[in-house]
Amino acid sequence: MNRFAIGHVLIKSRQLKQAVDHFEKLGFTVTYRTDTAKAHNALIYFRDGSFLELFNPKPIRLPDGLIRTVFRLLRPLHPAMVTRFLYYLEHEEGLNDFALDSLQPEQAHANVESVVQAGAKLGKTIHKSKTLPDGRKQSWWMAVPMEPRLPFLMSAYDPEIPCSEQEVTHTNGSLGIERLVIDVPELEPWMERYKLIFTGTECTREGQQCVFALGKQHTIVLRQARQHRMAEIHLLTSSQSKGQLQLQQELSKIIMR
């Protein structure tokens, strides 16, 4: 049984405003859901319910070395989340991470339990919240694997804030996520790690790559390579819009279909 779809993909940038400008020039509608002066992220929403998150991983303006020291001291409290944050901090810019949403939001807790029973090692569930512009509190939770290169699992946002027609309309015709291509140095071991997360998901071996078929017609492709990296994201577009967009030079690619 397929439980998950791609919820959102994280794209790291040390200069958030420059990243927003870059994506707007590529024909994306970029939305801030917080005060732009204080924002550490900006969002690109799609009609299939998925989105891209442009983010700066530094929560405060301090030297990287000092931030690393502070978070390493905090690691015993939330080892999985702190390890992932340090991975964000040290990782190159571009495609960086992704989250899985439950196809049935009410089954999110049960889905996490299924992943644990399959043998995946997850850290403590992280509960998060923020105050919306209208004063309401929005909350959600994250279940984070100990391995930072595996996707994390997310609950639905409560309350959910529907996207406006303007937020999901892009001049480049983007409609939603089709696939993520992830390079891995050892295909077989990484296939097994992903199978623990994608419990019940169909996996097809195609030469030097493995394809997982998720919900909403999303696919994850693991591809044999020299090193681990999120290499490409493919987006579905309207029939009038076709072409290829290059993101961050050789670091990662967004391919429009």
# chains A, B, ... in the order shown; residues from 1 in each chain; ligands from 1
$ closest_atom_pairs --of "stretch 178-209 of chain A" --to "stretch 147-152 of chain A" --cutoff "9 Å" --atoms "only C-alpha atoms" --output "tab-separated table"
residue	atom	partner	partner_atom	distance
A:Arg193	CA	A:Leu150	CA	8.0
A:Tyr194	CA	A:Leu150	CA	7.3
A:Ile197	CA	A:Pro151	CA	8.1
$ residues_around --residues "A:Glu188" --least-positions-apart "4" --cutoff "10 Å" --atoms "only C-alpha atoms" --output "list in words"
Val184, Glu192, Arg193, Gln208, Gln209, Cys210, Leu222 and Gln224 of chain A
$ write_last_selection --atoms "C-alpha atoms" --output "PDB file, in the first residue's frame"
ATOM      1  CA  VAL A 184      23.864   7.599  -4.495  1.00  0.00           C
ATOM      2  CA  GLU A 192      17.247  -0.903   1.144  1.00  0.00           C
ATOM      3  CA  ARG A 193      17.306   2.249   3.278  1.00  0.00           C
ATOM      4  CA  GLN A 208      21.906   1.527 -12.653  1.00  0.00           C
ATOM      5  CA  GLN A 209      18.893   3.169 -11.058  1.00  0.00           C
ATOM      6  CA  CYS A 210      15.852   2.320  -8.962  1.00  0.00           C
ATOM      7  CA  LEU A 222      17.908   6.578  -7.014  1.00  0.00           C
ATOM      8  CA  GLN A 224      24.204   5.133  -9.210  1.00  0.00           C
TER       9      GLN A 224
END
$ residues_around --residues "A:Leu10" --least-positions-apart "3" --cutoff "6 Å" --atoms "only C-alpha atoms" --output "PyMOL selection string"
chain A and resi 53+96-98
$ select_by_dssp --residues "stretch 35-198 of chain A" --states "helix (DSSP H, G or I)" --output "ChimeraX atom specification"
/A:64-74,79-90,105-118,187-197
$ select_by_dssp --residues "stretch 35-249 of chain A" --states "strand (DSSP E)" --output "PyMOL selection string"
chain A and resi 41-45+51-55+94-102+126-131+137-143+152-154+174-184+202-206+209-213+219-224+229-237+243-247
$ atom_distance --atom1 "atom CA of A:His91" --atom2 "atom CA of A:Ser174"
26.9 Å
$ closest_residue --among "A:Val9, A:Asp21, A:Asp101, A:Gly123" --to "A:Val181" --atoms "only C-alpha atoms"
A:Val9
$ residues_around --residues "A:Glu165" --least-positions-apart "4" --cutoff "12 Å" --atoms "only C-alpha atoms" --output "list in words"
Thr29, Tyr45, Phe46, Arg47, Thr169 and His170 of chain A
$ write_last_selection --atoms "N, CA and C atoms" --output "short mmCIF file (atom, residue, chain, number, x, y, z; two decimals), in the first residue's frame"
data_model
loop_
_atom_site.label_atom_id
_atom_site.label_comp_id
_atom_site.auth_asym_id
_atom_site.auth_seq_id
_atom_site.Cartn_x
_atom_site.Cartn_y
_atom_site.Cartn_z
N THR A 29 5.90 31.87 -9.19
CA THR A 29 5.30 32.77 -8.21
C THR A 29 5.82 32.36 -6.83
N TYR A 45 4.26 27.24 -4.42
CA TYR A 45 3.18 26.26 -4.31
C TYR A 45 2.75 25.75 -5.67
N PHE A 46 2.33 24.47 -5.70
CA PHE A 46 1.84 23.85 -6.93
C PHE A 46 0.42 23.33 -6.75
N ARG A 47 -0.23 23.09 -7.86
CA ARG A 47 -1.63 22.65 -7.83
C ARG A 47 -1.81 21.25 -7.27
N THR A 169 -0.35 29.75 -9.55
CA THR A 169 -0.25 30.05 -10.98
C THR A 169 1.15 30.59 -11.28
N HIS A 170 1.86 29.93 -12.21
CA HIS A 170 3.22 30.31 -12.55
C HIS A 170 3.29 30.59 -14.05
#
$ atom_distance --atom1 "atom CA of A:Asn111" --atom2 "atom CA of A:Glu178"
22.5 Å
$ closest_residue --among "A:Thr219, A:Thr171, A:Gln227, A:Ser139" --to "A:Ile126" --atoms "only C-alpha atoms"
A:Ser139
$ closest_atom_pairs --of "stretch 125-227 of chain A" --to "stretch 73-84 of chain A" --cutoff "7 Å" --atoms "only C-alpha atoms" --output "JSON lines"
{"residue": "A:Val144", "atom": "CA", "partner": "A:Ala80", "partner_atom": "CA", "distance": 6.2}
{"residue": "A:Pro145", "atom": "CA", "partner": "A:Ala80", "partner_atom": "CA", "distance": 6.3}
{"residue": "A:Met146", "atom": "CA", "partner": "A:Ala80", "partner_atom": "CA", "distance": 4.7}
{"residue": "A:Pro148", "atom": "CA", "partner": "A:Arg84", "partner_atom": "CA", "distance": 4.9}
$ decode --residues "stretch 121-169 of chain A" --atoms "N, CA and C atoms" --output "PDB file, in the first residue's frame"
ATOM      1  N   LYS A 121      15.160   3.837  11.477  1.00  0.00           N
ATOM      2  CA  LYS A 121      15.531   4.470  12.742  1.00  0.00           C
ATOM      3  C   LYS A 121      15.166   5.947  12.692  1.00  0.00           C
ATOM      4  N   LEU A 122      14.150   6.321  13.485  1.00  0.00           N
ATOM      5  CA  LEU A 122      13.700   7.701  13.545  1.00  0.00           C
ATOM      6  C   LEU A 122      14.025   8.293  14.900  1.00  0.00           C
ATOM      7  N   GLY A 123      14.259   9.604  14.923  1.00  0.00           N
ATOM      8  CA  GLY A 123      14.472  10.308  16.177  1.00  0.00           C
ATOM      9  C   GLY A 123      13.153  10.687  16.820  1.00  0.00           C
ATOM     10  N   LYS A 124      13.222  11.510  17.851  1.00  0.00           N
ATOM     11  CA  LYS A 124      12.017  11.984  18.518  1.00  0.00           C
ATOM     12  C   LYS A 124      11.167  12.805  17.557  1.00  0.00           C
ATOM     13  N   THR A 125       9.860  12.666  17.671  1.00  0.00           N
ATOM     14  CA  THR A 125       8.961  13.496  16.872  1.00  0.00           C
ATOM     15  C   THR A 125       9.097  14.951  17.316  1.00  0.00           C
ATOM     16  N   ILE A 126       9.259  15.838  16.354  1.00  0.00           N
ATOM     17  CA  ILE A 126       9.447  17.266  16.629  1.00  0.00           C
ATOM     18  C   ILE A 126       8.128  17.991  16.397  1.00  0.00           C
ATOM     19  N   HIS A 127       7.614  18.645  17.429  1.00  0.00           N
ATOM     20  CA  HIS A 127       6.383  19.420  17.308  1.00  0.00           C
ATOM     21  C   HIS A 127       6.747  20.888  17.109  1.00  0.00           C
ATOM     22  N   LYS A 128       6.156  21.502  16.079  1.00  0.00           N
ATOM     23  CA  LYS A 128       6.482  22.883  15.744  1.00  0.00           C
ATOM     24  C   LYS A 128       5.194  23.699  15.612  1.00  0.00           C
ATOM     25  N   SER A 129       5.342  25.005  15.740  1.00  0.00           N
ATOM     26  CA  SER A 129       4.187  25.895  15.583  1.00  0.00           C
ATOM     27  C   SER A 129       4.678  27.292  15.241  1.00  0.00           C
ATOM     28  N   LYS A 130       3.765  28.081  14.699  1.00  0.00           N
ATOM     29  CA  LYS A 130       4.060  29.485  14.435  1.00  0.00           C
ATOM     30  C   LYS A 130       2.765  30.271  14.501  1.00  0.00           C
ATOM     31  N   THR A 131       2.889  31.573  14.669  1.00  0.00           N
ATOM     32  CA  THR A 131       1.727  32.445  14.713  1.00  0.00           C
ATOM     33  C   THR A 131       1.472  33.006  13.322  1.00  0.00           C
ATOM     34  N   LEU A 132       0.283  32.805  12.826  1.00  0.00           N
ATOM     35  CA  LEU A 132      -0.093  33.294  11.508  1.00  0.00           C
ATOM     36  C   LEU A 132      -0.370  34.795  11.546  1.00  0.00           C
ATOM     37  N   PRO A 133      -0.353  35.452  10.391  1.00  0.00           N
ATOM     38  CA  PRO A 133      -0.606  36.903  10.365  1.00  0.00           C
ATOM     39  C   PRO A 133      -1.916  37.318  11.022  1.00  0.00           C
ATOM     40  N   ASP A 134      -2.914  36.423  11.016  1.00  0.00           N
ATOM     41  CA  ASP A 134      -4.201  36.767  11.639  1.00  0.00           C
ATOM     42  C   ASP A 134      -4.235  36.445  13.125  1.00  0.00           C
ATOM     43  N   GLY A 135      -3.083  36.026  13.681  1.00  0.00           N
ATOM     44  CA  GLY A 135      -2.991  35.763  15.110  1.00  0.00           C
ATOM     45  C   GLY A 135      -3.239  34.326  15.517  1.00  0.00           C
ATOM     46  N   ARG A 136      -3.720  33.495  14.613  1.00  0.00           N
ATOM     47  CA  ARG A 136      -3.951  32.093  14.941  1.00  0.00           C
ATOM     48  C   ARG A 136      -2.630  31.331  15.033  1.00  0.00           C
ATOM     49  N   LYS A 137      -2.633  30.264  15.820  1.00  0.00           N
ATOM     50  CA  LYS A 137      -1.462  29.411  15.952  1.00  0.00           C
ATOM     51  C   LYS A 137      -1.595  28.243  14.985  1.00  0.00           C
ATOM     52  N   GLN A 138      -0.583  28.039  14.166  1.00  0.00           N
ATOM     53  CA  GLN A 138      -0.548  26.905  13.250  1.00  0.00           C
ATOM     54  C   GLN A 138       0.482  25.902  13.761  1.00  0.00           C
ATOM     55  N   SER A 139       0.125  24.635  13.817  1.00  0.00           N
ATOM     56  CA  SER A 139       1.022  23.617  14.355  1.00  0.00           C
ATOM     57  C   SER A 139       1.165  22.446  13.385  1.00  0.00           C
ATOM     58  N   TRP A 140       2.254  21.712  13.547  1.00  0.00           N
ATOM     59  CA  TRP A 140       2.530  20.509  12.762  1.00  0.00           C
ATOM     60  C   TRP A 140       3.642  19.739  13.452  1.00  0.00           C
ATOM     61  N   TRP A 141       3.900  18.512  12.988  1.00  0.00           N
ATOM     62  CA  TRP A 141       5.002  17.740  13.566  1.00  0.00           C
ATOM     63  C   TRP A 141       5.808  17.073  12.465  1.00  0.00           C
ATOM     64  N   MET A 142       7.019  16.689  12.827  1.00  0.00           N
ATOM     65  CA  MET A 142       7.959  16.065  11.896  1.00  0.00           C
ATOM     66  C   MET A 142       8.560  14.824  12.550  1.00  0.00           C
ATOM     67  N   ALA A 143       8.642  13.733  11.798  1.00  0.00           N
ATOM     68  CA  ALA A 143       9.344  12.527  12.236  1.00  0.00           C
ATOM     69  C   ALA A 143      10.604  12.408  11.373  1.00  0.00           C
ATOM     70  N   VAL A 144      11.762  12.454  12.029  1.00  0.00           N
ATOM     71  CA  VAL A 144      13.029  12.659  11.320  1.00  0.00           C
ATOM     72  C   VAL A 144      13.931  11.432  11.436  1.00  0.00           C
ATOM     73  N   PRO A 145      14.338  10.833  10.302  1.00  0.00           N
ATOM     74  CA  PRO A 145      15.282   9.714  10.357  1.00  0.00           C
ATOM     75  C   PRO A 145      16.632  10.136  10.939  1.00  0.00           C
ATOM     76  N   MET A 146      17.316   9.196  11.560  1.00  0.00           N
ATOM     77  CA  MET A 146      18.647   9.473  12.085  1.00  0.00           C
ATOM     78  C   MET A 146      19.629   9.745  10.945  1.00  0.00           C
ATOM     79  N   GLU A 147      19.417   9.145   9.794  1.00  0.00           N
ATOM     80  CA  GLU A 147      20.234   9.397   8.610  1.00  0.00           C
ATOM     81  C   GLU A 147      19.708  10.660   7.927  1.00  0.00           C
ATOM     82  N   PRO A 148      20.487  11.774   7.912  1.00  0.00           N
ATOM     83  CA  PRO A 148      19.979  13.050   7.392  1.00  0.00           C
ATOM     84  C   PRO A 148      19.751  13.082   5.892  1.00  0.00           C
ATOM     85  N   ARG A 149      20.251  12.087   5.169  1.00  0.00           N
ATOM     86  CA  ARG A 149      20.063  12.064   3.717  1.00  0.00           C
ATOM     87  C   ARG A 149      18.790  11.322   3.299  1.00  0.00           C
ATOM     88  N   LEU A 150      18.049  10.791   4.275  1.00  0.00           N
ATOM     89  CA  LEU A 150      16.747  10.206   4.002  1.00  0.00           C
ATOM     90  C   LEU A 150      15.665  11.255   4.236  1.00  0.00           C
ATOM     91  N   PRO A 151      14.530  11.177   3.528  1.00  0.00           N
ATOM     92  CA  PRO A 151      13.478  12.187   3.712  1.00  0.00           C
ATOM     93  C   PRO A 151      12.832  12.082   5.084  1.00  0.00           C
ATOM     94  N   PHE A 152      12.293  13.201   5.547  1.00  0.00           N
ATOM     95  CA  PHE A 152      11.565  13.192   6.809  1.00  0.00           C
ATOM     96  C   PHE A 152      10.060  13.156   6.538  1.00  0.00           C
ATOM     97  N   LEU A 153       9.295  12.758   7.555  1.00  0.00           N
ATOM     98  CA  LEU A 153       7.854  12.603   7.437  1.00  0.00           C
ATOM     99  C   LEU A 153       7.172  13.764   8.153  1.00  0.00           C
ATOM    100  N   MET A 154       6.096  14.267   7.548  1.00  0.00           N
ATOM    101  CA  MET A 154       5.410  15.418   8.129  1.00  0.00           C
ATOM    102  C   MET A 154       3.916  15.170   8.273  1.00  0.00           C
ATOM    103  N   SER A 155       3.350  15.800   9.294  1.00  0.00           N
ATOM    104  CA  SER A 155       1.896  15.823   9.439  1.00  0.00           C
ATOM    105  C   SER A 155       1.334  16.934   8.556  1.00  0.00           C
ATOM    106  N   ALA A 156       0.022  17.014   8.491  1.00  0.00           N
ATOM    107  CA  ALA A 156      -0.618  18.153   7.842  1.00  0.00           C
ATOM    108  C   ALA A 156      -0.507  19.370   8.757  1.00  0.00           C
ATOM    109  N   TYR A 157      -0.580  20.553   8.175  1.00  0.00           N
ATOM    110  CA  TYR A 157      -0.608  21.779   8.973  1.00  0.00           C
ATOM    111  C   TYR A 157      -1.996  21.952   9.584  1.00  0.00           C
ATOM    112  N   ASP A 158      -2.044  22.428  10.805  1.00  0.00           N
ATOM    113  CA  ASP A 158      -3.315  22.639  11.493  1.00  0.00           C
ATOM    114  C   ASP A 158      -3.331  24.033  12.137  1.00  0.00           C
ATOM    115  N   PRO A 159      -4.155  24.969  11.631  1.00  0.00           N
ATOM    116  CA  PRO A 159      -5.070  24.791  10.503  1.00  0.00           C
ATOM    117  C   PRO A 159      -4.330  24.866   9.173  1.00  0.00           C
ATOM    118  N   GLU A 160      -4.902  24.231   8.160  1.00  0.00           N
ATOM    119  CA  GLU A 160      -4.351  24.326   6.820  1.00  0.00           C
ATOM    120  C   GLU A 160      -4.792  25.633   6.188  1.00  0.00           C
ATOM    121  N   ILE A 161      -3.868  26.322   5.540  1.00  0.00           N
ATOM    122  CA  ILE A 161      -4.179  27.586   4.883  1.00  0.00           C
ATOM    123  C   ILE A 161      -4.220  27.335   3.376  1.00  0.00           C
ATOM    124  N   PRO A 162      -5.405  27.347   2.783  1.00  0.00           N
ATOM    125  CA  PRO A 162      -5.496  27.060   1.343  1.00  0.00           C
ATOM    126  C   PRO A 162      -4.725  28.089   0.525  1.00  0.00           C
ATOM    127  N   CYS A 163      -4.131  27.631  -0.565  1.00  0.00           N
ATOM    128  CA  CYS A 163      -3.422  28.535  -1.464  1.00  0.00           C
ATOM    129  C   CYS A 163      -4.432  29.271  -2.337  1.00  0.00           C
ATOM    130  N   SER A 164      -4.118  30.500  -2.642  1.00  0.00           N
ATOM    131  CA  SER A 164      -4.951  31.259  -3.572  1.00  0.00           C
ATOM    132  C   SER A 164      -4.627  30.840  -4.998  1.00  0.00           C
ATOM    133  N   GLU A 165      -5.503  31.197  -5.926  1.00  0.00           N
ATOM    134  CA  GLU A 165      -5.263  30.899  -7.328  1.00  0.00           C
ATOM    135  C   GLU A 165      -3.976  31.559  -7.806  1.00  0.00           C
ATOM    136  N   GLN A 166      -3.700  32.756  -7.329  1.00  0.00           N
ATOM    137  CA  GLN A 166      -2.484  33.463  -7.735  1.00  0.00           C
ATOM    138  C   GLN A 166      -1.236  32.721  -7.261  1.00  0.00           C
ATOM    139  N   GLU A 167      -1.272  32.151  -6.048  1.00  0.00           N
ATOM    140  CA  GLU A 167      -0.089  31.486  -5.492  1.00  0.00           C
ATOM    141  C   GLU A 167       0.288  30.224  -6.263  1.00  0.00           C
ATOM    142  N   VAL A 168      -0.673  29.547  -6.886  1.00  0.00           N
ATOM    143  CA  VAL A 168      -0.366  28.301  -7.597  1.00  0.00           C
ATOM    144  C   VAL A 168      -0.290  28.498  -9.108  1.00  0.00           C
ATOM    145  N   THR A 169      -0.346  29.750  -9.554  1.00  0.00           N
ATOM    146  CA  THR A 169      -0.245  30.048 -10.980  1.00  0.00           C
ATOM    147  C   THR A 169       1.149  30.588 -11.284  1.00  0.00           C
TER     148      THR A 169
END
